[in-house]
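K.L.:
The structure's right below; bear with me while I get my questions together.
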Number of protein chains: 4
Amino acid sequence: MDYVYAPGKNHLFVPGPVNIPEPVLRAMNRNNEDYRSPAVPALTKTLLEDVKKIFKSTTGTTFLIPTTGTGAWESALTNTLSPGDRIVSFLIGQFSLLWIDQQQRLNFNVDVVESDWGQGANLDVLESKLATDGGHTIKAICIVHNETATGVTNDLSKVRFLLDKYKHPALLLVDGVSSICALDFRMDEWGVDVALTGSQKALSLPTGLGIICASPKALEASKTSKSVKVFFDWKDYLKFYNLGTYWPYTPSIQLLYGLRAALDLLFEEGLDNVIARHSRLGKATRLAVEAWGLKNCTQKEEWFSDTVTAVLVPSYIDSAEIVRRAWKRYNLSLGLGLNKVAGKVFRIGHLGNLNELQLLGCLAGVEMVLKDVGYPVKLGSGVAAASAYLQNNIPLIPSRI
Amino acid sequence: MDYVYAPGKNHLFVPGPVNIPEPVLRAMNRNNEDYRSPAVPALTKTLLEDVKKIFKSTTGTTFLIPTTGTGAWESALTNTLSPGDRIVSFLIGQFSLLWIDQQQRLNFNVDVVESDWGQGANLDVLESKLATDGGHTIKAICIVHNETATGVTNDLSKVRFLLDKYKHPALLLVDGVSSICALDFRMDEWGVDVALTGSQKALSLPTGLGIICASPKALEASKTSKSVKVFFDWKDYLKFYNLGTYWPYTPSIQLLYGLRAALDLLFEEGLDNVIARHSRLGKATRLAVEAWGLKNCTQKEEWFSDTVTAVLVPSYIDSAEIVRRAWKRYNLSLGLGLNKVAGKVFRIGHLGNLNELQLLGCLAGVEMVLKDVGYPVKLGSGVAAASAYLQNNIPLIPSRI
Amino acid sequence: MDYVYAPGKNHLFVPGPVNIPEPVLRAMNRNNEDYRSPAVPALTKTLLEDVKKIFKSTTGTTFLIPTTGTGAWESALTNTLSPGDRIVSFLIGQFSLLWIDQQQRLNFNVDVVESDWGQGANLDVLESKLATDGGHTIKAICIVHNETATGVTNDLSKVRFLLDKYKHPALLLVDGVSSICALDFRMDEWGVDVALTGSQKALSLPTGLGIICASPKALEASKTSKSVKVFFDWKDYLKFYNLGTYWPYTPSIQLLYGLRAALDLLFEEGLDNVIARHSRLGKATRLAVEAWGLKNCTQKEEWFSDTVTAVLVPSYIDSAEIVRRAWKRYNLSLGLGLNKVAGKVFRIGHLGNLNELQLLGCLAGVEMVLKDVGYPVKLGSGVAAASAYLQNNIPLIPSRI
Amino acid sequence: MDYVYAPGKNHLFVPGPVNIPEPVLRAMNRNNEDYRSPAVPALTKTLLEDVKKIFKSTTGTTFLIPTTGTGAWESALTNTLSPGDRIVSFLIGQFSLLWIDQQQRLNFNVDVVESDWGQGANLDVLESKLATDGGHTIKAICIVHNETATGVTNDLSKVRFLLDKYKHPALLLVDGVSSICALDFRMDEWGVDVALTGSQKALSLPTGLGIICASPKALEASKTSKSVKVFFDWKDYLKFYNLGTYWPYTPSIQLLYGLRAALDLLFEEGLDNVIARHSRLGKATRLAVEAWGLKNCTQKEEWFSDTVTAVLVPSYIDSAEIVRRAWKRYNLSLGLGLNKVAGKVFRIGHLGNLNELQLLGCLAGVEMVLKDVGYPVKLGSGVAAASAYLQNNIPLIPSRI
């Protein structure tokens, strides 16, 4: 089973699935339970309520669907839209591409707004589309908050600003898979209609929960949506919410208790402190990249991502070799470059339950890998740049003061 | 979290989710891993191959979908059929009812063949439908192997016999959720085209994997199916199988290792020994029910289920009170009566990683509950009847001889 | 590793080590920690304080020694006594015998007061010794509260009564290994000077902690004790208690967190409820033994043990064969007869985190084993007798009302 | 419980207890078992045999005692020596001091050979003692292989050389607590008579097993030793070894399975590869210390320890503040300076299941702490020096080639 065993901890720096904290592993280390006993609904009730906080929403309705991010996407689309509906969707990397592929295969009419990989969503194009859509043919804007393939964060407040400017009623559907619980995400303030994430990302759980928050407007839209769905149908959930039994089909008992523990840890640390920690980790990583003399795939500072950094390598190096070597020699798991940027970038995921010394260990490892593959890095340079920043900015651990 | 704590083990006798064996809990007690490293595909490859054995199939193609049984149903239907396709489907209890509801909502044209709850599928009606369908308008037969709500097992070999008799090309889609790994299931021999189960049933894992086996004919059908699907689309899986990376989206690392452990335990015990054990547990339970003077909801011996027994209670007793009391006083989890049989039956699940003494503890508990609610049971009577049978039939544990 | 794997749960009914509850397993599922950080002393402080409650002591000083019950015995003796000191000690079974052997090998001068195995300590002999010991040559009375080999519980209040009657200053050292946390134990009220137990008994933890409570008088005695000891020396502990770092050498981090969880469960259930539960389990077991037509090794009701029942088998049966067969056929672990009662008794341990349905499963198993080995038991008879009693006496689970 | 929670992994760099690998945590995540069933002796037999390999002994007899290193010391002494016996013992730091304290309290006649803390055992003094002990009044040489307080490794082959040179029959008793499984340890080749370690050190288990290997000569000596002992008496073990039941009292089931897993990991990596890994980690740490401009407490290269490095800090800095701050700000656990070197050194433990990137994370953390407390370290300098060495010396992970 562990036939690829290596001594010491695996250094897991892919942008998901991420490290699970011990208290969460402990909470999940349990036998199954009858999900129809009074205990599981009581637990579920607290989860559905508390999970709203990670979206910064008080008005939303939440769904914990036994699926992945891909399923959560499908749930968001099929519950709020009908076949043929016009969607504006931004193609800026592999995950937005996959979502668009899904949108098209689900028979929506997608206006694809493409950017270079490394750039954010082209909101100028969005504005012109909104400006010329007096008839409100656009039913939804679909956007990833953070494109995991390129490390690009889009400005959702600007999207809301444009929708408001043109008084456009389109739904705003947001993939927050690699942002929620790590980046500042303000569902209610930004007027997001459906936001979603997966348990294995910043929540730091195993894969298995698609976590969705739907605005009242999204719920209203779901009443008339004509998309065919059963497993992903919110109506079945809402029916069981009303019954107080909560589950139309069997949930993972382990993930429910795990989610409880994960939320407790988040709230103990404080969501804004979690976000600040990700900001520190992102900044430190970018300083290291700069010190190595390498370029960030993200082309402008406004799009820098605090959860994942895609690093461009010189053309004489195959970035896939970096990832392979990191795993084979240093027990370090980095993210591959995908599709258009395959071979050109490797990715450092710095999200979830992670601290600064873990990141510095990773950065030291990346330096050695870079040297291994022939890049003339100065060993220690990235760590030095990152720790100069971190040493000035890490707060004391509140529970230990 | 454990605010409903009670001393000692919970006696889990719902027909799913079931008890997880310790070696499986151990295997799942682990951090996340990069699913794009070489390790996870190598593990997945062994799983996809070995999981065929629980279906007794050598020609099938397997899918491990991050979903529940409901999702596995949807996957089976939407990959093989097109909207409007005519299906023959048997309504014999709550789970067949839910599947039929799904079939209808997915826009198939369903011939519902209804039986009294407690009876098996009416195969005479099937025969007459097949006999008169020279034009092969019936595209699929959908049948649950074991109806979990009533404890009724259908004879799939007879379904195959009828299809062959009329040389009918309809696909045979089987819900094996509460049968596979517990009852004898012969995918290839019976010409089943899609069979499916969920990880939390006889495999004794947490919820989270829909496990599907598709015959070559089902795969062929999937090429022309016009049902809209993305998350459940087998094509995405097949594409990644060909790439050798296996996963179109993130799997649960923990469930993969758990499945490996669960299969290892099954194969160590021997699948036929597992089936024989379930046969013993089913028989022992039915003997107890008889000794208590109660009726089995299942109306004929040919339909008796070896994974779940639904027990009819006298009309002056509310079966839901039995379930409530079992949990509140004895830390015993029994299954409720559902829908048409709500209040009339309670259910004893006896599937998964379970042994005879666990069952006898449950039966002793049921006796006390029956007395609590006013049924004049002779305490010890069911246990006596069950153990008289078991004492004659339990083999020595092979590893301990 | 699990080469003796058998399906389902192992039914663990030896009188220790006993079943560990899931919340305790979870609490121990953790990495090591620096035991010199502020966290471990803070945790230890709560443990040393709270563990007094299981002794019903407010005046005692507690020690958590990384050892077993045998080590705890040695700690009790060597800290309070000096070589050559006269001890009165009661030989009533294998564990009192082993303790006496230790006392002798540690060079104490032991007056052994022997009883038939199956009888309690002969307190008449104690009285006559005290009556004639005006010179107070007896320095300590050593007594097991509950002899695990025969299922005999001694009346400690009577021992205190006799000491008081004769105003005798001898220390009262008590082995509470199979009693504390299960039987009513009143350290302060009974004037016990040293009481001890092991973590793997009624506390339901793994083996590894010898848990000791010493009265002020015992602590005083420890200042002048001349027995040679280092590892077991309380002085080292007391020194580190004063320093606030608590540990003279490395503790098991896992057992500390496990003990915290075990105490939390005990206090949640309520220690007196725990004792009442053991009383029910003991009574139910004895009723079953009677129904089987077998004799209890314990010769009088006043000595009946609520934590372990030693069952005498007819002379034509080898009780060891019962234990072997229980394990080989039913995955049931029973206790062997030891030494003088080897082959003559088997033992049912009913202590620790255990509930009534678990016990009934065990009793049903014992019945089948008895039949297997040729004893003409009426199957179901013991379960019937036990459940008739239990059904009248089990309270509702408080957390579930 | 986790009231001192901090996000991410704790960076555990005390020289014990050390990080437990996940496969070992998994192996220990289990219920108790009857230790008198056939399974536990069968497991124990493999452990007693395989554990010899970590001592590089084929002729030794091993003991797995439920105790700590302190108890293992006591076991080594009291089984082989008699009160009043003359011992030569080397005082070179806190742990050798504690062992000597034990030797004295156990009434041995100890020739203490003291060195400055930071120096190794003074073998010249040993030689002169041996040279003048024609009467063989010296019964044992007691020496720590690796002094954990100062990071000093003694040359045991030289001790053997001297004993042989003078044909001296004294027993050679070795504390290998922070060496065995990490440093090259050659019991048979060096003629060590008793070697011992604790489970929480390089074996990377929880605390709870004192692991001892006794030479035939030591076993012979144990037959005539007059030291008083019961719990630690090897005779009880040997008696149960002969019976094939192995345990004179209850072992920790969890630690037995954990030890099995730990040995399996060691053998999979290869003991010599494990030793080479420690050599790399030690060298890398020393290079970092040098780059920081700090001194190693160890005064000569011949004594450098590959398991722990004690770092001297300038006199204007309190090393305890470094340890406190590391924990409070960086979730980094370092070792305090003890006794004579309190306030003067902090320690980096680099033993057990640890890899290079973990160490580099620690070193980066130490740099930031040093800066925090006012030492003018160049951030990144130590990491640079360490990784320059490591990048040239880390082998590919064999299982991943």
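We label chains A, B, ... in the order they appear in the structure tokens, count residues from 1 in each chain, and number ligands from 1 in the order shown.
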At most 8 Å is the cut-off: for each residue in chain A with any atom that close to an atom of chain B, write down the nearest atom pair and the distance in Å rounded to one decimal, counting only C-alpha atoms, chain first then increasing number, as a tab-separated table.
P.N.:
residue	atom	partner	partner_atom	distance
A:Met1	CA	B:Leu43	CA	7.5
A:Val4	CA	B:Ala39	CA	6.7
A:Leu12	CA	B:Glu33	CA	7.0
A:Val14	CA	B:Asp34	CA	6.5
A:Gly16	CA	B:Asp34	CA	7.5
A:Pro17	CA	B:Asn32	CA	6.0
A:Val18	CA	B:Asn32	CA	6.1
A:Asn19	CA	B:Asn32	CA	5.9
A:Ile20	CA	B:Asn31	CA	5.6
A:Leu25	CA	B:Asn29	CA	6.6
A:Asn29	CA	B:Asn29	CA	6.4
A:Arg30	CA	B:Leu25	CA	7.2
A:Asn31	CA	B:Ile20	CA	5.6
A:Asn32	CA	B:Asn19	CA	5.9
A:Glu33	CA	B:Pro17	CA	6.6
A:Asp34	CA	B:Val14	CA	6.5
A:Tyr35	CA	B:Pro17	CA	8.0
A:Ser37	CA	B:Ser333	CA	7.7
A:Ala39	CA	B:Val4	CA	6.7
A:Leu43	CA	B:Met1	CA	7.5
A:Pro66	CA	B:Thr67	CA	5.6
A:Thr67	CA	B:Thr67	CA	5.3
A:Thr68	CA	B:Thr250	CA	6.9
A:Thr70	CA	B:Phe231	CA	6.3
A:Gly71	CA	B:Phe231	CA	5.6
A:Glu74	CA	B:Phe231	CA	7.1
A:Gln102	CA	B:Val230	CA	6.2
A:Arg105	CA	B:Val230	CA	6.9
A:Leu106	CA	B:Val228	CA	6.2
A:Pro206	CA	B:Ser252	CA	6.0
A:Thr207	CA	B:Ser252	CA	4.7
A:Gly208	CA	B:Ser252	CA	6.3
A:Val228	CA	B:Leu106	CA	6.2
A:Lys229	CA	B:Leu106	CA	6.7
A:Val230	CA	B:Gln102	CA	6.2
A:Phe231	CA	B:Gly71	CA	5.6
A:Tyr249	CA	B:Thr70	CA	7.0
A:Thr250	CA	B:Thr207	CA	6.8
A:Pro251	CA	B:Thr207	CA	6.2
A:Ser252	CA	B:Thr207	CA	4.6
A:Ile253	CA	B:Pro206	CA	7.1
A:Gln254	CA	B:Pro206	CA	7.1
A:Tyr257	CA	B:Met1	CA	7.6
A:Trp327	CA	B:Ser37	CA	7.8
A:Ser333	CA	B:Asp34	CA	6.6
K.L.:
Identify, on the basis of only C-alpha atoms, every residue whose closest approach to Ala388 (chain A) does not exceed 7 Å; exclude the query and any residue fewer than 4 positions from it along the same chain; express the result as a list of chain:residue names.
P.N.:
A:Ala384, A:Asn392, D:Leu379
K.L.:
Please write the residues from the selection above to a file, keeping all heavy atoms, as a PDB file, in the first residue's frame.
P.N.:
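Below you can see out-v7.pdb, which holds the result:
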ATOM      1  N   ALA A 384      15.701  33.145   2.108  1.00  0.00           N
ATOM      2  CA  ALA A 384      16.121  34.394   2.747  1.00  0.00           C
ATOM      3  C   ALA A 384      15.102  35.506   2.490  1.00  0.00           C
ATOM      4  O   ALA A 384      14.691  36.218   3.406  1.00  0.00           O
ATOM      5  CB  ALA A 384      17.495  34.807   2.225  1.00  0.00           C
ATOM      6  N   ASN A 392       9.212  39.639   9.915  1.00  0.00           N
ATOM      7  CA  ASN A 392       8.603  40.920  10.278  1.00  0.00           C
ATOM      8  C   ASN A 392       7.098  40.854  10.464  1.00  0.00           C
ATOM      9  O   ASN A 392       6.504  41.791  10.987  1.00  0.00           O
ATOM     10  CB  ASN A 392       8.898  41.967   9.190  1.00  0.00           C
ATOM     11  CG  ASN A 392      10.229  42.647   9.425  1.00  0.00           C
ATOM     12  OD1 ASN A 392      10.540  42.982  10.567  1.00  0.00           O
ATOM     13  ND2 ASN A 392      11.014  42.827   8.371  1.00  0.00           N
TER      14      ASN A 392
ATOM     15  N   LEU D 379      19.578  36.032   7.514  1.00  0.00           N
ATOM     16  CA  LEU D 379      18.492  35.091   7.205  1.00  0.00           C
ATOM     17  C   LEU D 379      18.828  34.315   5.928  1.00  0.00           C
ATOM     18  O   LEU D 379      19.306  34.883   4.949  1.00  0.00           O
ATOM     19  CB  LEU D 379      17.172  35.847   7.042  1.00  0.00           C
ATOM     20  CG  LEU D 379      16.582  36.433   8.335  1.00  0.00           C
ATOM     21  CD1 LEU D 379      15.327  37.235   8.010  1.00  0.00           C
ATOM     22  CD2 LEU D 379      16.277  35.335   9.345  1.00  0.00           C
TER      23      LEU D 379
END
K.L.:
Might you pull out every residue within 12 Å of region 292-294 of chain C, with only C-alpha atoms counted and same-chain residues fewer than 5 positions away left off, and present them as a ChimeraX atom specification?
P.N.:
/C:285-287,309-315,344-346,363-364,366-368,370-371,375-386
K.L.:
Region 45-227 of chain D: which residues are strand (DSSP E) by DSSP, as a PyMOL selection string?
P.N.:
chain D and resi 61-65+86-91+109-114+138-144+146-147+152-153+171-175+194-198+210-214
K.L.:
Skipping near chain neighbours, those fewer than 2 positions away, what residues fall within 10 Å of Glu189 (chain C) using only C-alpha atoms, listed as an mmCIF file with all heavy atoms, in the first residue's frame?
P.N.:
data_model
loop_
_atom_site.group_PDB
_atom_site.id
_atom_site.type_symbol
_atom_site.label_atom_id
_atom_site.label_comp_id
_atom_site.auth_asym_id
_atom_site.auth_seq_id
_atom_site.Cartn_x
_atom_site.Cartn_y
_atom_site.Cartn_z
ATOM 1 N N LYS C 56 -12.380 8.574 44.663
ATOM 2 C CA LYS C 56 -13.172 9.289 45.674
ATOM 3 C C LYS C 56 -12.261 9.795 46.794
ATOM 4 O O LYS C 56 -12.460 9.498 47.968
ATOM 5 C CB LYS C 56 -14.328 8.426 46.196
ATOM 6 C CG LYS C 56 -15.369 8.144 45.098
ATOM 7 C CD LYS C 56 -16.671 7.566 45.609
ATOM 8 C CE LYS C 56 -17.644 7.371 44.432
ATOM 9 N NZ LYS C 56 -18.829 6.577 44.801
ATOM 10 N N SER C 57 -11.263 10.531 46.357
ATOM 11 C CA SER C 57 -10.339 11.112 47.315
ATOM 12 C C SER C 57 -10.191 12.598 47.034
ATOM 13 O O SER C 57 -10.166 13.033 45.883
ATOM 14 C CB SER C 57 -8.965 10.442 47.206
ATOM 15 O OG SER C 57 -8.039 11.121 48.048
ATOM 16 N N SER C 157 -14.281 -1.698 53.723
ATOM 17 C CA SER C 157 -14.758 -0.916 54.872
ATOM 18 C C SER C 157 -14.567 -1.720 56.154
ATOM 19 O O SER C 157 -14.309 -1.173 57.223
ATOM 20 C CB SER C 157 -16.231 -0.526 54.692
ATOM 21 O OG SER C 157 -17.047 -1.677 54.762
ATOM 22 N N ARG C 160 -11.000 -1.348 57.278
ATOM 23 C CA ARG C 160 -10.825 -0.081 57.986
ATOM 24 C C ARG C 160 -11.434 -0.141 59.384
ATOM 25 O O ARG C 160 -10.842 0.320 60.365
ATOM 26 C CB ARG C 160 -11.467 1.050 57.166
ATOM 27 C CG ARG C 160 -11.610 2.401 57.854
ATOM 28 C CD ARG C 160 -10.333 2.922 58.535
ATOM 29 N NE ARG C 160 -9.168 2.911 57.669
ATOM 30 C CZ ARG C 160 -7.910 2.875 58.106
ATOM 31 N NH1 ARG C 160 -7.639 2.838 59.423
ATOM 32 N NH2 ARG C 160 -6.903 2.857 57.267
ATOM 33 N N PHE C 185 -15.489 2.679 45.097
ATOM 34 C CA PHE C 185 -14.199 2.718 45.782
ATOM 35 C C PHE C 185 -14.085 4.042 46.505
ATOM 36 O O PHE C 185 -14.162 5.106 45.886
ATOM 37 C CB PHE C 185 -13.052 2.545 44.769
ATOM 38 C CG PHE C 185 -11.738 2.334 45.447
ATOM 39 C CD1 PHE C 185 -11.318 1.059 45.775
ATOM 40 C CD2 PHE C 185 -10.931 3.417 45.799
ATOM 41 C CE1 PHE C 185 -10.105 0.854 46.426
ATOM 42 C CE2 PHE C 185 -9.733 3.220 46.465
ATOM 43 C CZ PHE C 185 -9.320 1.932 46.778
ATOM 44 N N ARG C 186 -13.886 3.980 47.827
ATOM 45 C CA ARG C 186 -13.945 5.184 48.641
ATOM 46 C C ARG C 186 -12.672 5.371 49.451
ATOM 47 O O ARG C 186 -12.627 5.077 50.644
ATOM 48 C CB ARG C 186 -15.142 5.111 49.588
ATOM 49 C CG ARG C 186 -16.437 4.801 48.859
ATOM 50 C CD ARG C 186 -17.601 4.758 49.798
ATOM 51 N NE ARG C 186 -18.814 4.448 49.050
ATOM 52 C CZ ARG C 186 -20.045 4.737 49.452
ATOM 53 N NH1 ARG C 186 -20.223 5.332 50.622
ATOM 54 N NH2 ARG C 186 -21.070 4.428 48.720
ATOM 55 N N MET C 187 -11.680 5.824 48.756
ATOM 56 C CA MET C 187 -10.346 6.003 49.335
ATOM 57 C C MET C 187 -10.361 6.751 50.673
ATOM 58 O O MET C 187 -9.880 6.259 51.677
ATOM 59 C CB MET C 187 -9.514 6.791 48.318
ATOM 60 C CG MET C 187 -8.165 7.222 48.796
ATOM 61 S SD MET C 187 -6.863 6.352 47.922
ATOM 62 C CE MET C 187 -5.425 7.009 48.765
ATOM 63 N N GLY C 191 -10.213 5.174 54.495
ATOM 64 C CA GLY C 191 -8.864 5.352 55.010
ATOM 65 C C GLY C 191 -7.825 4.500 54.283
ATOM 66 O O GLY C 191 -6.914 3.945 54.906
ATOM 67 N N VAL C 192 -7.958 4.408 53.002
ATOM 68 C CA VAL C 192 -6.951 3.681 52.218
ATOM 69 C C VAL C 192 -5.716 4.572 52.099
ATOM 70 O O VAL C 192 -5.843 5.780 51.871
ATOM 71 C CB VAL C 192 -7.507 3.322 50.827
ATOM 72 C CG1 VAL C 192 -6.422 2.736 49.945
ATOM 73 C CG2 VAL C 192 -8.685 2.354 50.975
#
K.L.:
Find the residues around Asp133 (chain B) up to 12 Å (only C-alpha atoms counted), leave out those fewer than 2 positions away in its own chain, and share them as a PDB file with N, CA and C atoms, in the first residue's frame.
P.N.:
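The resulting out.pdb:
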ATOM      1  N   ARG B  86     -37.797   3.925 -23.439  1.00  0.00           N
ATOM      2  CA  ARG B  86     -38.741   3.147 -22.641  1.00  0.00           C
ATOM      3  C   ARG B  86     -37.975   2.199 -21.720  1.00  0.00           C
ATOM      4  N   VAL B  88     -38.544  -0.640 -18.398  1.00  0.00           N
ATOM      5  CA  VAL B  88     -39.437  -1.362 -17.486  1.00  0.00           C
ATOM      6  C   VAL B  88     -38.787  -1.362 -16.107  1.00  0.00           C
ATOM      7  N   LEU B 126     -43.303  -8.697 -16.560  1.00  0.00           N
ATOM      8  CA  LEU B 126     -42.139  -8.489 -17.428  1.00  0.00           C
ATOM      9  C   LEU B 126     -42.224  -9.398 -18.642  1.00  0.00           C
ATOM     10  N   GLU B 127     -42.538 -10.667 -18.397  1.00  0.00           N
ATOM     11  CA  GLU B 127     -42.596 -11.615 -19.514  1.00  0.00           C
ATOM     12  C   GLU B 127     -43.615 -11.161 -20.549  1.00  0.00           C
ATOM     13  N   SER B 128     -44.783 -10.742 -20.093  1.00  0.00           N
ATOM     14  CA  SER B 128     -45.791 -10.358 -21.088  1.00  0.00           C
ATOM     15  C   SER B 128     -45.349  -9.112 -21.853  1.00  0.00           C
ATOM     16  N   LYS B 129     -44.648  -8.228 -21.180  1.00  0.00           N
ATOM     17  CA  LYS B 129     -44.148  -7.042 -21.879  1.00  0.00           C
ATOM     18  C   LYS B 129     -43.100  -7.423 -22.925  1.00  0.00           C
ATOM     19  N   LEU B 130     -42.216  -8.309 -22.528  1.00  0.00           N
ATOM     20  CA  LEU B 130     -41.172  -8.734 -23.468  1.00  0.00           C
ATOM     21  C   LEU B 130     -41.799  -9.484 -24.641  1.00  0.00           C
ATOM     22  N   ALA B 131     -42.768 -10.325 -24.303  1.00  0.00           N
ATOM     23  CA  ALA B 131     -43.403 -11.158 -25.340  1.00  0.00           C
ATOM     24  C   ALA B 131     -44.066 -10.293 -26.411  1.00  0.00           C
ATOM     25  N   GLY B 135     -40.854  -5.199 -31.373  1.00  0.00           N
ATOM     26  CA  GLY B 135     -40.150  -4.040 -31.952  1.00  0.00           C
ATOM     27  C   GLY B 135     -39.036  -3.506 -31.070  1.00  0.00           C
ATOM     28  N   HIS B 136     -38.834  -4.181 -29.940  1.00  0.00           N
ATOM     29  CA  HIS B 136     -37.733  -3.793 -29.048  1.00  0.00           C
ATOM     30  C   HIS B 136     -37.792  -2.323 -28.651  1.00  0.00           C
ATOM     31  N   THR B 137     -38.994  -1.893 -28.300  1.00  0.00           N
ATOM     32  CA  THR B 137     -39.122  -0.515 -27.814  1.00  0.00           C
ATOM     33  C   THR B 137     -38.607  -0.397 -26.378  1.00  0.00           C
ATOM     34  N   ILE B 138     -38.567  -1.498 -25.680  1.00  0.00           N
ATOM     35  CA  ILE B 138     -38.014  -1.459 -24.321  1.00  0.00           C
ATOM     36  C   ILE B 138     -36.501  -1.416 -24.425  1.00  0.00           C
ATOM     37  N   LYS B 139     -35.936  -0.348 -23.877  1.00  0.00           N
ATOM     38  CA  LYS B 139     -34.492  -0.194 -23.989  1.00  0.00           C
ATOM     39  C   LYS B 139     -33.758  -0.739 -22.763  1.00  0.00           C
ATOM     40  N   LEU B 163     -35.247 -12.480 -20.744  1.00  0.00           N
ATOM     41  CA  LEU B 163     -34.666 -11.695 -21.840  1.00  0.00           C
ATOM     42  C   LEU B 163     -34.129 -12.612 -22.929  1.00  0.00           C
ATOM     43  N   TYR B 166     -36.893 -14.371 -24.982  1.00  0.00           N
ATOM     44  CA  TYR B 166     -37.492 -13.545 -26.038  1.00  0.00           C
ATOM     45  C   TYR B 166     -36.429 -12.851 -26.875  1.00  0.00           C
ATOM     46  N   LYS B 167     -35.198 -13.301 -26.724  1.00  0.00           N
ATOM     47  CA  LYS B 167     -34.091 -12.696 -27.490  1.00  0.00           C
ATOM     48  C   LYS B 167     -34.206 -11.174 -27.484  1.00  0.00           C
ATOM     49  N   HIS B 168     -34.463 -10.678 -26.300  1.00  0.00           N
ATOM     50  CA  HIS B 168     -34.705  -9.234 -26.220  1.00  0.00           C
ATOM     51  C   HIS B 168     -33.405  -8.506 -25.874  1.00  0.00           C
ATOM     52  N   PRO B 169     -33.064  -7.482 -26.624  1.00  0.00           N
ATOM     53  CA  PRO B 169     -31.775  -6.806 -26.435  1.00  0.00           C
ATOM     54  C   PRO B 169     -31.775  -5.732 -25.334  1.00  0.00           C
ATOM     55  N   ALA B 170     -32.855  -5.611 -24.595  1.00  0.00           N
ATOM     56  CA  ALA B 170     -32.881  -4.540 -23.576  1.00  0.00           C
ATOM     57  C   ALA B 170     -31.701  -4.676 -22.622  1.00  0.00           C
TER      58      ALA B 170
END
K.L.:
Find the distance between CA of Gly60 (chain B) and CA of Gly93 (chain B) and write it in Å to one decimal.
P.N.:
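Rounded to one decimal, the two atoms are 28.5 Å apart.
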K.L.:
Just the number, please: distance in Å from CA of Glu269 (chain C) to CA of Ser399 (chain C), one decimal.
P.N.:
9.0 Å
